[in-house]
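Peer 1: This is the content of data29.cif (mmCIF, N, CA and C atoms):
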data_model
loop_
_atom_site.label_atom_id
_atom_site.label_comp_id
_atom_site.auth_asym_id
_atom_site.auth_seq_id
_atom_site.Cartn_x
_atom_site.Cartn_y
_atom_site.Cartn_z
N MET Q 1 20.79 -10.04 57.55
CA MET Q 1 20.62 -10.28 58.97
C MET Q 1 21.26 -9.12 59.73
N ALA Q 2 20.75 -8.91 60.91
CA ALA Q 2 21.28 -7.84 61.76
C ALA Q 2 21.23 -8.31 63.21
N LEU Q 3 22.00 -7.64 64.03
CA LEU Q 3 22.00 -7.91 65.46
C LEU Q 3 21.17 -6.83 66.13
N GLY Q 4 20.13 -7.24 66.85
CA GLY Q 4 19.24 -6.30 67.53
C GLY Q 4 19.86 -5.76 68.80
N PRO Q 5 19.18 -4.79 69.42
CA PRO Q 5 19.73 -4.13 70.61
C PRO Q 5 19.90 -5.07 71.80
N GLU Q 6 19.17 -6.17 71.84
CA GLU Q 6 19.29 -7.14 72.93
C GLU Q 6 20.20 -8.31 72.55
N GLY Q 7 20.88 -8.19 71.40
CA GLY Q 7 21.78 -9.25 70.96
C GLY Q 7 21.10 -10.33 70.14
N GLU Q 8 19.82 -10.15 69.83
CA GLU Q 8 19.09 -11.13 69.04
C GLU Q 8 19.36 -10.94 67.54
N VAL Q 9 19.30 -12.03 66.81
CA VAL Q 9 19.48 -11.97 65.37
C VAL Q 9 18.15 -11.62 64.73
N ILE Q 10 18.15 -10.58 63.90
CA ILE Q 10 16.97 -10.17 63.16
C ILE Q 10 17.17 -10.62 61.72
N ASP Q 11 16.28 -11.46 61.24
CA ASP Q 11 16.43 -12.07 59.91
C ASP Q 11 15.11 -11.91 59.15
N LEU Q 12 14.97 -10.79 58.48
CA LEU Q 12 13.73 -10.48 57.77
C LEU Q 12 13.66 -11.11 56.38
N PHE Q 13 14.80 -11.58 55.85
CA PHE Q 13 14.84 -12.01 54.46
C PHE Q 13 15.37 -13.43 54.26
N GLY Q 14 15.38 -14.24 55.29
CA GLY Q 14 15.78 -15.64 55.14
C GLY Q 14 17.27 -15.87 55.05
N GLY Q 15 18.06 -15.00 55.64
CA GLY Q 15 19.51 -15.14 55.59
C GLY Q 15 20.02 -16.40 56.27
N ARG Q 16 19.42 -16.76 57.39
CA ARG Q 16 19.84 -17.99 58.08
C ARG Q 16 19.61 -19.22 57.20
N ARG Q 17 18.46 -19.24 56.55
CA ARG Q 17 18.13 -20.36 55.65
C ARG Q 17 19.16 -20.43 54.52
N ASP Q 18 19.51 -19.28 53.93
CA ASP Q 18 20.50 -19.27 52.85
C ASP Q 18 21.87 -19.73 53.34
N LEU Q 19 22.28 -19.27 54.51
CA LEU Q 19 23.57 -19.70 55.05
C LEU Q 19 23.57 -21.20 55.32
N SER Q 20 22.47 -21.71 55.85
CA SER Q 20 22.37 -23.15 56.09
C SER Q 20 22.46 -23.94 54.80
N ALA Q 21 21.92 -23.36 53.72
CA ALA Q 21 21.96 -24.01 52.40
C ALA Q 21 23.27 -23.74 51.67
N GLY Q 22 24.14 -22.91 52.27
CA GLY Q 22 25.43 -22.60 51.65
C GLY Q 22 25.33 -21.63 50.50
N LEU Q 23 24.37 -20.68 50.58
CA LEU Q 23 24.14 -19.75 49.47
C LEU Q 23 24.42 -18.30 49.84
N VAL Q 24 24.92 -17.56 48.85
CA VAL Q 24 24.98 -16.10 48.90
C VAL Q 24 23.88 -15.62 47.97
N ARG Q 25 22.97 -14.80 48.50
CA ARG Q 25 21.84 -14.32 47.70
C ARG Q 25 21.59 -12.84 48.04
N CYS Q 26 21.25 -12.07 47.04
CA CYS Q 26 20.88 -10.67 47.26
C CYS Q 26 19.46 -10.60 47.80
N VAL Q 27 19.19 -9.57 48.56
CA VAL Q 27 17.83 -9.27 48.98
C VAL Q 27 17.15 -8.53 47.84
N GLY Q 28 16.02 -9.04 47.39
CA GLY Q 28 15.31 -8.40 46.29
C GLY Q 28 15.97 -8.71 44.96
N ASN Q 29 15.90 -7.75 44.06
CA ASN Q 29 16.44 -7.92 42.71
C ASN Q 29 17.95 -7.69 42.73
N PRO Q 30 18.76 -8.70 42.40
CA PRO Q 30 20.22 -8.55 42.46
C PRO Q 30 20.74 -7.42 41.56
N LYS Q 31 20.11 -7.23 40.40
CA LYS Q 31 20.55 -6.14 39.51
C LYS Q 31 20.41 -4.79 40.20
N ASP Q 32 19.32 -4.62 40.91
CA ASP Q 32 19.11 -3.36 41.64
C ASP Q 32 20.15 -3.19 42.73
N ARG Q 33 20.44 -4.26 43.47
CA ARG Q 33 21.42 -4.17 44.57
C ARG Q 33 22.80 -3.79 44.03
N PHE Q 34 23.21 -4.39 42.91
CA PHE Q 34 24.53 -4.08 42.36
C PHE Q 34 24.56 -2.70 41.73
N ALA Q 35 23.44 -2.23 41.17
CA ALA Q 35 23.38 -0.88 40.62
C ALA Q 35 23.49 0.16 41.74
N GLU Q 36 22.96 -0.15 42.92
CA GLU Q 36 23.06 0.74 44.07
C GLU Q 36 24.49 0.89 44.55
N ASP Q 37 25.23 -0.22 44.53
CA ASP Q 37 26.62 -0.22 45.00
C ASP Q 37 27.36 -1.38 44.35
N ALA Q 38 28.17 -1.07 43.37
CA ALA Q 38 28.89 -2.11 42.62
C ALA Q 38 29.89 -2.86 43.48
N LEU Q 39 30.31 -2.28 44.58
CA LEU Q 39 31.24 -2.98 45.47
C LEU Q 39 30.60 -4.25 46.04
N ARG Q 40 29.29 -4.32 46.03
CA ARG Q 40 28.59 -5.53 46.48
C ARG Q 40 28.96 -6.74 45.61
N ILE Q 41 29.31 -6.50 44.37
CA ILE Q 41 29.75 -7.59 43.49
C ILE Q 41 30.99 -8.24 44.08
N LEU Q 42 31.97 -7.44 44.43
CA LEU Q 42 33.20 -7.98 45.00
C LEU Q 42 32.97 -8.59 46.37
N ARG Q 43 32.10 -7.97 47.15
CA ARG Q 43 31.81 -8.52 48.47
C ARG Q 43 31.18 -9.91 48.36
N ALA Q 44 30.26 -10.07 47.43
CA ALA Q 44 29.61 -11.38 47.24
C ALA Q 44 30.64 -12.43 46.84
N LEU Q 45 31.51 -12.07 45.91
CA LEU Q 45 32.53 -13.02 45.45
C LEU Q 45 33.51 -13.36 46.57
N ARG Q 46 33.95 -12.36 47.30
CA ARG Q 46 34.89 -12.59 48.40
C ARG Q 46 34.26 -13.45 49.48
N PHE Q 47 33.02 -13.13 49.85
CA PHE Q 47 32.34 -13.89 50.90
C PHE Q 47 32.17 -15.34 50.48
N ALA Q 48 31.75 -15.56 49.26
CA ALA Q 48 31.57 -16.94 48.77
C ALA Q 48 32.89 -17.69 48.77
N ALA Q 49 33.95 -17.03 48.32
CA ALA Q 49 35.25 -17.69 48.23
C ALA Q 49 35.84 -17.98 49.62
N ARG Q 50 35.74 -17.04 50.51
CA ARG Q 50 36.35 -17.23 51.84
C ARG Q 50 35.61 -18.23 52.70
N VAL Q 51 34.29 -18.25 52.58
CA VAL Q 51 33.48 -19.09 53.46
C VAL Q 51 33.09 -20.39 52.76
N GLY Q 52 33.32 -20.46 51.46
CA GLY Q 52 33.02 -21.68 50.72
C GLY Q 52 31.55 -21.83 50.38
N LEU Q 53 30.88 -20.72 50.08
CA LEU Q 53 29.47 -20.76 49.73
C LEU Q 53 29.29 -20.70 48.21
N THR Q 54 28.10 -21.02 47.77
CA THR Q 54 27.73 -20.94 46.36
C THR Q 54 26.92 -19.68 46.16
N ILE Q 55 27.15 -19.00 45.05
CA ILE Q 55 26.35 -17.81 44.74
C ILE Q 55 25.09 -18.27 44.03
N GLU Q 56 23.95 -17.89 44.55
CA GLU Q 56 22.64 -18.25 44.01
C GLU Q 56 22.56 -17.85 42.53
N GLU Q 57 21.81 -18.60 41.75
CA GLU Q 57 21.79 -18.48 40.29
C GLU Q 57 21.46 -17.07 39.79
N LYS Q 58 20.40 -16.45 40.28
CA LYS Q 58 20.03 -15.10 39.82
C LYS Q 58 21.08 -14.07 40.24
N THR Q 59 21.63 -14.25 41.42
CA THR Q 59 22.68 -13.36 41.90
C THR Q 59 23.93 -13.51 41.04
N ALA Q 60 24.30 -14.74 40.72
CA ALA Q 60 25.47 -14.99 39.87
C ALA Q 60 25.29 -14.38 38.48
N ALA Q 61 24.09 -14.52 37.93
CA ALA Q 61 23.83 -13.93 36.60
C ALA Q 61 23.94 -12.41 36.65
N ALA Q 62 23.41 -11.81 37.72
CA ALA Q 62 23.50 -10.35 37.87
C ALA Q 62 24.94 -9.90 38.07
N LEU Q 63 25.75 -10.70 38.76
CA LEU Q 63 27.18 -10.38 38.91
C LEU Q 63 27.83 -10.25 37.54
N ARG Q 64 27.59 -11.24 36.70
CA ARG Q 64 28.21 -11.23 35.37
C ARG Q 64 27.67 -10.09 34.51
N GLU Q 65 26.37 -9.86 34.55
CA GLU Q 65 25.75 -8.82 33.73
C GLU Q 65 26.20 -7.42 34.13
N ASN Q 66 26.53 -7.24 35.38
CA ASN Q 66 26.89 -5.92 35.89
C ASN Q 66 28.37 -5.73 36.17
N ARG Q 67 29.19 -6.63 35.67
CA ARG Q 67 30.63 -6.56 35.99
C ARG Q 67 31.27 -5.25 35.53
N GLU Q 68 30.74 -4.62 34.50
CA GLU Q 68 31.30 -3.35 34.02
C GLU Q 68 31.19 -2.24 35.07
N LEU Q 69 30.25 -2.38 36.00
CA LEU Q 69 30.11 -1.38 37.06
C LEU Q 69 31.35 -1.31 37.94
N LEU Q 70 32.13 -2.38 37.95
CA LEU Q 70 33.34 -2.39 38.78
C LEU Q 70 34.35 -1.34 38.33
N ARG Q 71 34.28 -0.92 37.08
CA ARG Q 71 35.19 0.12 36.59
C ARG Q 71 34.99 1.46 37.30
N ASN Q 72 33.81 1.64 37.92
CA ASN Q 72 33.49 2.89 38.58
C ASN Q 72 33.94 2.94 40.05
N ILE Q 73 34.50 1.86 40.52
CA ILE Q 73 34.91 1.79 41.92
C ILE Q 73 36.37 2.21 42.05
N SER Q 74 36.63 3.07 43.00
CA SER Q 74 38.01 3.54 43.20
C SER Q 74 38.87 2.39 43.71
N PRO Q 75 40.15 2.40 43.34
CA PRO Q 75 41.07 1.34 43.82
C PRO Q 75 41.13 1.27 45.35
N GLU Q 76 40.97 2.40 46.02
CA GLU Q 76 41.01 2.41 47.48
C GLU Q 76 39.86 1.59 48.07
N ARG Q 77 38.68 1.68 47.47
CA ARG Q 77 37.54 0.90 47.97
C ARG Q 77 37.72 -0.57 47.66
N ILE Q 78 38.31 -0.89 46.52
CA ILE Q 78 38.54 -2.29 46.17
C ILE Q 78 39.55 -2.90 47.12
N PHE Q 79 40.60 -2.15 47.43
CA PHE Q 79 41.65 -2.65 48.31
C PHE Q 79 41.08 -2.95 49.68
#
Would you mind giving the structure from this file in structure tokens?
Peer 2:
Amino acid sequence: MALGPEGEVIDLFGGRRDLSAGLVRCVGNPKDRFAEDALRILRALRFAARVGLTIEEKTAAALRENRELLRNISPERIF
């Protein structure tokens, strides 16, 4: 989701529906999203934990499968 220039919410991928359902979900293929930026793994976990959401099944599987990518993230970015 994004905020448009007039303050409107732009939701091209069903983010509102996922939030209403209490889900964290990647746009498109979760494996691709995490390969693009492994920090997204930590962001998904932090967001789910802080807001009390559930990580969608395919996204959760991709988190586990790609956890080794976290070794490539600098401690400064993790902090």
Peer 1: If you apply the PyMOL selection byres (((chain Q and resi 19 and name CA) around 12) and name CA) to this file, what residues do you get, as an NGL selection string?
Peer 2: :Q and (1 or 11 or 13-18 or 20-25 or 47-48 or 51-56)
Peer 1: Selected by the PyMOL selection byres (((chain Q and resi 73 and name CA) around 12) and name CA) in the shown coordinates: which residues, as a list in words?
Peer 2: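 On the file shown, the PyMOL selection byres (((chain Q and resi 73 and name CA) around 12) and name CA) covers Phe34, Ala35, Asp37, Ala38, Leu39, Arg40, Ile41, Leu42, Arg67, Glu68, Leu69, Leu70, Arg71, Asn72, Ser74, Pro75, Glu76, Arg77, Ile78 and Phe79 of chain Q.
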Peer 1: Can you list, as a PyMOL selection string, all residues belonging to chain Q that DSSP tags as alpha helix (DSSP H)?
Peer 2: chain Q and resi 15-20+30-36+39-51+57-65+75-78
Peer 1: Using the chain letters and numbers from the file, give me the residues hit by the PyMOL selection byres (((chain Q and resi 61-64 and name CA) around 6) and name CA), as a PyMOL selection string.
Peer 2: chain Q and resi 30-31+41+58-60+65-67
Peer 1: Can you list, as JSON, numbers by chain, every residue of chain Q that DSSP puts in strand (DSSP E)?
Peer 2: {"Q": [2, 3, 9, 10, 23, 24, 54, 55]}
Peer 1: So the first atom is atom CA of Q:Gly7 and the second is atom CA of Q:Ala49; what is the distance between them in Å, to one decimal place?
Peer 2: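 Separation between atom CA of Q:Gly7 and atom CA of Q:Ala49: 27.7 Å.
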Peer 1: Distance atom CA of Q:Glu6-atom CA of Q:Arg33, one decimal place?
Peer 2: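 If I compute the distance from atom CA of Q:Glu6 to atom CA of Q:Arg33, I get 28.6 Å.
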Peer 1: Work out how far atom N of Q:Leu3 is from atom C of Q:Asn29, in Å to one decimal.
Peer 2: 21.7 Å
Peer 1: Any chance you could build stretch 63-77 of chain Q out to N, CA, C and O atoms and write it as a short mmCIF file (atom, residue, chain, number, x, y, z; two decimals), in the frame of the given file?
Peer 2:
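Output saved as result13.cif:
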data_model
loop_
_atom_site.label_atom_id
_atom_site.label_comp_id
_atom_site.auth_asym_id
_atom_site.auth_seq_id
_atom_site.Cartn_x
_atom_site.Cartn_y
_atom_site.Cartn_z
N LEU Q 63 25.75 -10.70 38.76
CA LEU Q 63 27.18 -10.38 38.91
C LEU Q 63 27.83 -10.25 37.54
O LEU Q 63 28.55 -9.28 37.26
N ARG Q 64 27.59 -11.24 36.70
CA ARG Q 64 28.21 -11.23 35.37
C ARG Q 64 27.67 -10.09 34.51
O ARG Q 64 28.43 -9.40 33.84
N GLU Q 65 26.37 -9.86 34.55
CA GLU Q 65 25.75 -8.82 33.73
C GLU Q 65 26.20 -7.42 34.13
O GLU Q 65 26.23 -6.52 33.29
N ASN Q 66 26.53 -7.24 35.38
CA ASN Q 66 26.89 -5.92 35.89
C ASN Q 66 28.37 -5.73 36.17
O ASN Q 66 28.76 -4.76 36.80
N ARG Q 67 29.19 -6.63 35.67
CA ARG Q 67 30.63 -6.56 35.99
C ARG Q 67 31.27 -5.25 35.53
O ARG Q 67 32.25 -4.80 36.14
N GLU Q 68 30.74 -4.62 34.50
CA GLU Q 68 31.30 -3.35 34.02
C GLU Q 68 31.19 -2.24 35.07
O GLU Q 68 31.96 -1.28 35.03
N LEU Q 69 30.25 -2.38 36.00
CA LEU Q 69 30.11 -1.38 37.06
C LEU Q 69 31.35 -1.31 37.94
O LEU Q 69 31.60 -0.29 38.59
N LEU Q 70 32.13 -2.38 37.95
CA LEU Q 70 33.34 -2.39 38.78
C LEU Q 70 34.35 -1.34 38.33
O LEU Q 70 35.19 -0.91 39.12
N ARG Q 71 34.28 -0.92 37.08
CA ARG Q 71 35.19 0.12 36.59
C ARG Q 71 34.99 1.46 37.30
O ARG Q 71 35.87 2.30 37.30
N ASN Q 72 33.81 1.64 37.92
CA ASN Q 72 33.49 2.89 38.58
C ASN Q 72 33.94 2.94 40.05
O ASN Q 72 33.75 3.95 40.71
N ILE Q 73 34.50 1.86 40.52
CA ILE Q 73 34.91 1.79 41.92
C ILE Q 73 36.37 2.21 42.05
O ILE Q 73 37.23 1.74 41.30
N SER Q 74 36.63 3.07 43.00
CA SER Q 74 38.01 3.54 43.20
C SER Q 74 38.87 2.39 43.71
O SER Q 74 38.40 1.51 44.45
N PRO Q 75 40.15 2.40 43.34
CA PRO Q 75 41.07 1.34 43.82
C PRO Q 75 41.13 1.27 45.35
O PRO Q 75 41.30 0.19 45.91
N GLU Q 76 40.97 2.40 46.02
CA GLU Q 76 41.01 2.41 47.48
C GLU Q 76 39.86 1.59 48.07
O GLU Q 76 40.04 0.88 49.05
N ARG Q 77 38.68 1.68 47.47
CA ARG Q 77 37.54 0.90 47.97
C ARG Q 77 37.72 -0.57 47.66
O ARG Q 77 37.32 -1.43 48.45
#
